[in-house]
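Chemist: Next comes target01.pdb, PDB, C-alpha atoms:
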MODEL        1
ATOM      1  CA  MET A 154       6.153   2.185 -32.175  1.00  0.00           C
ATOM      2  CA  ARG A 155       4.364  -0.957 -33.308  1.00  0.00           C
ATOM      3  CA  THR A 156       0.857  -0.120 -34.517  1.00  0.00           C
ATOM      4  CA  PRO A 157      -1.946  -1.986 -32.744  1.00  0.00           C
ATOM      5  CA  THR A 158      -4.209  -4.059 -34.992  1.00  0.00           C
ATOM      6  CA  MET A 159      -7.767  -5.377 -34.776  1.00  0.00           C
ATOM      7  CA  ASP A 160      -6.405  -8.726 -33.539  1.00  0.00           C
ATOM      8  CA  GLU A 161      -3.945  -7.098 -31.110  1.00  0.00           C
ATOM      9  CA  PRO A 162      -5.466  -3.743 -30.109  1.00  0.00           C
ATOM     10  CA  VAL A 163      -3.045  -3.209 -27.199  1.00  0.00           C
ATOM     11  CA  GLN A 164       0.712  -3.122 -27.779  1.00  0.00           C
ATOM     12  CA  PRO A 165       3.359  -2.628 -25.086  1.00  0.00           C
ATOM     13  CA  LEU A 166       5.863   0.161 -25.656  1.00  0.00           C
ATOM     14  CA  GLU A 167       9.605  -0.371 -25.367  1.00  0.00           C
ATOM     15  CA  ALA A 168      11.425   1.603 -22.653  1.00  0.00           C
ATOM     16  CA  GLN A 169      13.103   3.852 -25.252  1.00  0.00           C
ATOM     17  CA  GLU A 170       9.726   4.633 -26.818  1.00  0.00           C
ATOM     18  CA  CYS A 171       8.365   5.555 -23.383  1.00  0.00           C
ATOM     19  CA  TRP A 172      11.266   7.942 -22.762  1.00  0.00           C
ATOM     20  CA  GLU A 173      10.792   9.534 -26.182  1.00  0.00           C
ATOM     21  CA  LEU A 174       7.129  10.153 -25.375  1.00  0.00           C
ATOM     22  CA  LEU A 175       8.025  11.557 -21.941  1.00  0.00           C
ATOM     23  CA  GLU A 176      10.555  13.888 -23.573  1.00  0.00           C
ATOM     24  CA  GLY A 177       7.990  15.017 -26.148  1.00  0.00           C
ATOM     25  CA  GLU A 178       5.448  16.087 -23.539  1.00  0.00           C
ATOM     26  CA  GLU A 179       5.567  18.521 -20.648  1.00  0.00           C
ATOM     27  CA  PHE A 180       2.326  17.908 -18.746  1.00  0.00           C
ATOM     28  CA  GLY A 181       1.332  14.910 -16.664  1.00  0.00           C
ATOM     29  CA  ARG A 182      -0.314  13.721 -13.482  1.00  0.00           C
ATOM     30  CA  LEU A 183       1.772  12.899 -10.428  1.00  0.00           C
ATOM     31  CA  ALA A 184       0.326  10.378  -7.973  1.00  0.00           C
ATOM     32  CA  TYR A 185       1.869   9.903  -4.548  1.00  0.00           C
ATOM     33  CA  ARG A 186       1.000   8.546  -1.125  1.00  0.00           C
ATOM     34  CA  LEU A 187       1.244  10.507   2.095  1.00  0.00           C
ATOM     35  CA  VAL A 188       0.536   8.376   5.147  1.00  0.00           C
ATOM     36  CA  ASP A 189      -2.822   6.748   4.295  1.00  0.00           C
ATOM     37  CA  GLU A 190      -3.979   9.123   1.573  1.00  0.00           C
ATOM     38  CA  VAL A 191      -3.279   9.027  -2.166  1.00  0.00           C
ATOM     39  CA  HIS A 192      -2.909  12.347  -3.989  1.00  0.00           C
ATOM     40  CA  ILE A 193      -2.927  13.010  -7.718  1.00  0.00           C
ATOM     41  CA  VAL A 194      -1.967  16.411  -9.106  1.00  0.00           C
ATOM     42  CA  PRO A 195      -1.189  17.919 -12.503  1.00  0.00           C
ATOM     43  CA  ILE A 196       2.391  19.050 -13.049  1.00  0.00           C
ATOM     44  CA  ASN A 197       4.442  20.473 -15.861  1.00  0.00           C
ATOM     45  CA  TYR A 198       7.834  18.819 -16.105  1.00  0.00           C
ATOM     46  CA  VAL A 199      10.971  18.358 -18.146  1.00  0.00           C
ATOM     47  CA  VAL A 200      13.051  15.238 -18.749  1.00  0.00           C
ATOM     48  CA  ASP A 201      16.707  15.456 -17.715  1.00  0.00           C
ATOM     49  CA  GLY A 202      18.562  12.345 -18.826  1.00  0.00           C
ATOM     50  CA  GLY A 203      16.986   9.439 -16.961  1.00  0.00           C
ATOM     51  CA  SER A 204      14.900  11.537 -14.584  1.00  0.00           C
ATOM     52  CA  VAL A 205      11.980  13.964 -14.517  1.00  0.00           C
ATOM     53  CA  LEU A 206      12.218  17.427 -12.941  1.00  0.00           C
ATOM     54  CA  PHE A 207       9.441  19.730 -11.792  1.00  0.00           C
ATOM     55  CA  ARG A 208       9.130  22.831  -9.640  1.00  0.00           C
ATOM     56  CA  THR A 209       6.916  23.110  -6.582  1.00  0.00           C
ATOM     57  CA  ALA A 210       6.179  25.313  -3.605  1.00  0.00           C
ATOM     58  CA  SER A 211       6.099  24.144  -0.005  1.00  0.00           C
ATOM     59  CA  GLY A 212       3.347  21.584   0.481  1.00  0.00           C
ATOM     60  CA  ASN A 213       2.457  17.960  -0.037  1.00  0.00           C
ATOM     61  CA  LYS A 214       4.673  17.270  -3.071  1.00  0.00           C
ATOM     62  CA  LEU A 215       7.692  18.575  -1.193  1.00  0.00           C
ATOM     63  CA  LEU A 216       6.718  16.503   1.845  1.00  0.00           C
ATOM     64  CA  ALA A 217       6.395  13.426  -0.384  1.00  0.00           C
ATOM     65  CA  ALA A 218       9.930  14.116  -1.635  1.00  0.00           C
ATOM     66  CA  ALA A 219      11.255  14.442   1.923  1.00  0.00           C
ATOM     67  CA  LEU A 220       9.592  11.126   2.849  1.00  0.00           C
ATOM     68  CA  HIS A 221      10.817   9.434  -0.374  1.00  0.00           C
ATOM     69  CA  SER A 222       7.241   8.358  -1.052  1.00  0.00           C
ATOM     70  CA  ASP A 223       6.401   5.961  -3.850  1.00  0.00           C
ATOM     71  CA  VAL A 224       5.163   7.980  -6.822  1.00  0.00           C
ATOM     72  CA  ALA A 225       3.925   7.546 -10.363  1.00  0.00           C
ATOM     73  CA  LEU A 226       3.869  10.051 -13.209  1.00  0.00           C
ATOM     74  CA  GLU A 227       1.367   9.345 -15.969  1.00  0.00           C
ATOM     75  CA  ILE A 228       1.111  10.968 -19.395  1.00  0.00           C
ATOM     76  CA  ASP A 229      -1.218  10.039 -22.210  1.00  0.00           C
ATOM     77  CA  TRP A 230      -2.597  11.043 -25.583  1.00  0.00           C
ATOM     78  CA  HIS A 231      -5.487  10.004 -27.826  1.00  0.00           C
ATOM     79  CA  ASP A 232      -7.320  10.803 -31.010  1.00  0.00           C
ATOM     80  CA  ASP A 233     -10.283   9.039 -32.626  1.00  0.00           C
ATOM     81  CA  THR A 234      -8.345   5.923 -33.682  1.00  0.00           C
ATOM     82  CA  ALA A 235      -5.388   5.492 -31.320  1.00  0.00           C
ATOM     83  CA  ALA A 236      -4.116   6.279 -27.841  1.00  0.00           C
ATOM     84  CA  TRP A 237      -1.008   5.755 -25.738  1.00  0.00           C
ATOM     85  CA  SER A 238      -0.172   5.933 -22.068  1.00  0.00           C
ATOM     86  CA  VAL A 239       3.187   6.033 -20.250  1.00  0.00           C
ATOM     87  CA  VAL A 240       3.749   5.585 -16.505  1.00  0.00           C
ATOM     88  CA  ALA A 241       7.041   6.289 -14.709  1.00  0.00           C
ATOM     89  CA  ARG A 242       7.223   4.819 -11.188  1.00  0.00           C
ATOM     90  CA  GLY A 243       9.868   5.653  -8.614  1.00  0.00           C
ATOM     91  CA  HIS A 244      10.708   8.008  -5.780  1.00  0.00           C
ATOM     92  CA  LEU A 245      11.034  11.765  -5.393  1.00  0.00           C
ATOM     93  CA  GLN A 246      13.952  13.730  -4.063  1.00  0.00           C
ATOM     94  CA  GLN A 247      14.340  17.459  -3.600  1.00  0.00           C
ATOM     95  CA  LEU A 248      17.362  18.832  -5.415  1.00  0.00           C
ATOM     96  CA  GLU A 249      19.975  20.598  -3.334  1.00  0.00           C
ATOM     97  CA  GLU A 250      20.613  24.279  -4.104  1.00  0.00           C
ATOM     98  CA  ASP A 251      23.783  23.475  -6.052  1.00  0.00           C
ATOM     99  CA  GLN A 252      21.743  21.176  -8.371  1.00  0.00           C
ATOM    100  CA  GLU A 253      18.701  23.403  -8.944  1.00  0.00           C
ATOM    101  CA  HIS A 254      20.403  25.002 -11.968  1.00  0.00           C
ATOM    102  CA  ARG A 255      19.517  21.822 -13.895  1.00  0.00           C
ATOM    103  CA  ALA A 256      15.912  23.059 -14.079  1.00  0.00           C
ATOM    104  CA  ASP A 257      17.006  26.516 -15.275  1.00  0.00           C
ATOM    105  CA  ASP A 258      19.318  25.012 -17.891  1.00  0.00           C
ATOM    106  CA  LEU A 259      16.319  23.074 -19.276  1.00  0.00           C
ATOM    107  CA  SER A 260      13.942  26.066 -19.183  1.00  0.00           C
ATOM    108  CA  LEU A 261      11.628  24.524 -16.590  1.00  0.00           C
ATOM    109  CA  HIS A 262       9.247  27.265 -15.554  1.00  0.00           C
ATOM    110  CA  PRO A 263       5.906  26.987 -13.739  1.00  0.00           C
ATOM    111  CA  TRP A 264       2.844  27.334 -15.954  1.00  0.00           C
ATOM    112  CA  VAL A 265       0.870  28.843 -13.090  1.00  0.00           C
ATOM    113  CA  PRO A 266       2.252  32.262 -12.128  1.00  0.00           C
ATOM    114  CA  THR A 267       3.081  31.375  -8.527  1.00  0.00           C
ATOM    115  CA  LEU A 268       6.425  31.210  -6.761  1.00  0.00           C
ATOM    116  CA  LYS A 269       7.885  27.714  -6.914  1.00  0.00           C
ATOM    117  CA  TYR A 270      11.453  27.793  -5.680  1.00  0.00           C
ATOM    118  CA  ASP A 271      11.979  24.090  -5.034  1.00  0.00           C
ATOM    119  CA  VAL A 272      13.018  21.619  -7.726  1.00  0.00           C
ATOM    120  CA  VAL A 273      12.012  18.006  -7.282  1.00  0.00           C
ATOM    121  CA  GLU A 274      13.402  15.051  -9.197  1.00  0.00           C
ATOM    122  CA  LEU A 275      11.559  11.848  -9.972  1.00  0.00           C
ATOM    123  CA  VAL A 276      14.061   9.065 -10.562  1.00  0.00           C
ATOM    124  CA  PRO A 277      12.032   6.267 -12.150  1.00  0.00           C
ATOM    125  CA  GLU A 278      12.649   2.664 -11.206  1.00  0.00           C
ATOM    126  CA  THR A 279      10.351   1.531 -14.016  1.00  0.00           C
ATOM    127  CA  VAL A 280       8.917   3.195 -17.095  1.00  0.00           C
ATOM    128  CA  THR A 281       6.185   1.367 -18.973  1.00  0.00           C
ATOM    129  CA  GLY A 282       3.691   2.209 -21.646  1.00  0.00           C
ATOM    130  CA  ARG A 283       1.061   0.902 -23.988  1.00  0.00           C
ATOM    131  CA  HIS A 284      -0.254   1.885 -27.404  1.00  0.00           C
ATOM    132  CA  PHE A 285      -3.955   1.258 -28.111  1.00  0.00           C
ATOM    133  CA  ARG A 286      -6.064   0.895 -31.221  1.00  0.00           C
ATOM    134  CA  LEU A 287      -9.420   2.535 -30.553  1.00  0.00           C
ATOM    135  CA  GLN A 288     -12.767   1.606 -32.005  1.00  0.00           C
ATOM    136  CA  ARG A 289     -15.216   4.116 -30.681  1.00  0.00           C
ATOM    137  CA  ASP A 290     -17.968   3.740 -33.248  1.00  0.00           C
ATOM    138  CA  ARG A 291     -19.497   0.507 -31.878  1.00  0.00           C
ATOM    139  CA  PRO A 292     -21.179  -0.210 -28.537  1.00  0.00           C
ATOM    140  CA  ASP A 293     -19.094  -2.141 -25.992  1.00  0.00           C
ATOM    141  CA  HIS A 294     -21.322  -5.228 -26.122  1.00  0.00           C
ATOM    142  CA  GLU A 295     -20.670  -5.602 -29.870  1.00  0.00           C
ATOM    143  CA  LEU A 296     -16.916  -5.595 -29.240  1.00  0.00           C
ATOM    144  CA  VAL A 297     -17.191  -8.286 -26.563  1.00  0.00           C
ATOM    145  CA  ASP A 298     -19.345 -10.511 -28.779  1.00  0.00           C
ATOM    146  CA  ARG A 299     -16.784 -10.728 -31.608  1.00  0.00           C
TER     147      ARG A 299
ENDMDL
END
Please render this file's structure as structure tokens.
Modeler:
Amino acid sequence: MRTPTMDEPVQPLEAQECWELLEGEEFGRLAYRLVDEVHIVPINYVVDGGSVLFRTASGNKLLAAALHSDVALEIDWHDDTAAWSVVARGHLQQLEEDQEHRADDLSLHPWVPTLKYDVVELVPETVTGRHFRLQRDRPDHELVDR
């Protein structure tokens, strides 16, 4: 990962770097559209090759999968000096019963103790990310005036 500098405080991440960050995390926010409404929900997930798996109960996420809605999964991290963000965009599909074992093989279990029998797969069409240098000790107007 190329470190952002004062002159270039925002650096794009390579696709491989984005996948490594996705694999290293297990919590993100899933955004999807149903009809004319956009939803965003927290999920815990696991990466399986070139896709992302998560469990869900009956409801809007499962409906979004049935409708093959456009979706985006976003993960991020920050400390006092740096931050990064990764977004995977694609479509959802519900796994058939004979494929649901993939989630068990990867130890994908719900964090919230509720029954979530369905496994949904996000197959990204694009995965992008950025790495940021942060400077939080100066007011915004001082940064713009440089």
Chemist: Check which residues satisfy the PyMOL selection byres ((chain A and resi 227) around 12) in the file shown, then give them as a PyMOL selection string.
Modeler: chain A and resi 171+174-175+178-185+193-198+205+224-226+228-230+237-243+277+280-283
Chemist: Select, from A:Val199, A:His262, A:Gln246, A:Pro162, the residue with the minimum atom-to-atom distance to A:Leu215, counting all atoms listed in the file.
Modeler: A:Gln246
Chemist: Which of these, A:Gln164, A:Ser222, A:Ser204, A:Gln288, has the shortest distance to A:Val191 once you count all atoms listed in the file?
Modeler: A:Ser222
Chemist: From the set A:Arg208, A:His284, A:His192, A:Arg186, which residue has the shortest atom-to-atom contact distance to A:Leu220, counting all atoms listed in the file?
Modeler: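 Among A:Arg208, A:His284, A:His192, A:Arg186, it is A:Arg186 that comes nearest to A:Leu220.
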Chemist: Identify which of the residues A:Trp264, A:Val276, A:Leu245, A:Asp232 lies closest to A:Ala217, counting only C-alpha atoms when measuring atom-to-atom distances.
Modeler: A:Leu245
Chemist: By how many Å are atom CA of A:Ala210 and atom CA of A:Pro263 apart?
Modeler: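 Result for atom CA of A:Ala210 versus atom CA of A:Pro263: 10.3 Å, one decimal.
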Chemist: With distances taken over only C-alpha atoms, which residue among A:Gly203, A:Asp223, A:Thr209, A:Leu166 lies nearest A:Leu187?
Modeler: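 Looking only at the distances to A:Leu187, the closest residue turns out to be A:Asp223.
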Chemist: Given the choices A:Phe207, A:His231, A:Glu190, A:Ala236, which gets closest to A:Asp271 if the distance is worked out from only C-alpha atoms?
Modeler: A:Phe207
Chemist: Between atom CA of A:Lys214 and atom CA of A:Pro165, what is the distance, to one decimal in Å?
Modeler: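 Interatomic distance here is 29.7 Å.
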Chemist: In Å, how far is it from atom CA of A:Glu167 to atom CA of A:Leu248?
Modeler: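 It comes out at 28.8 Å.
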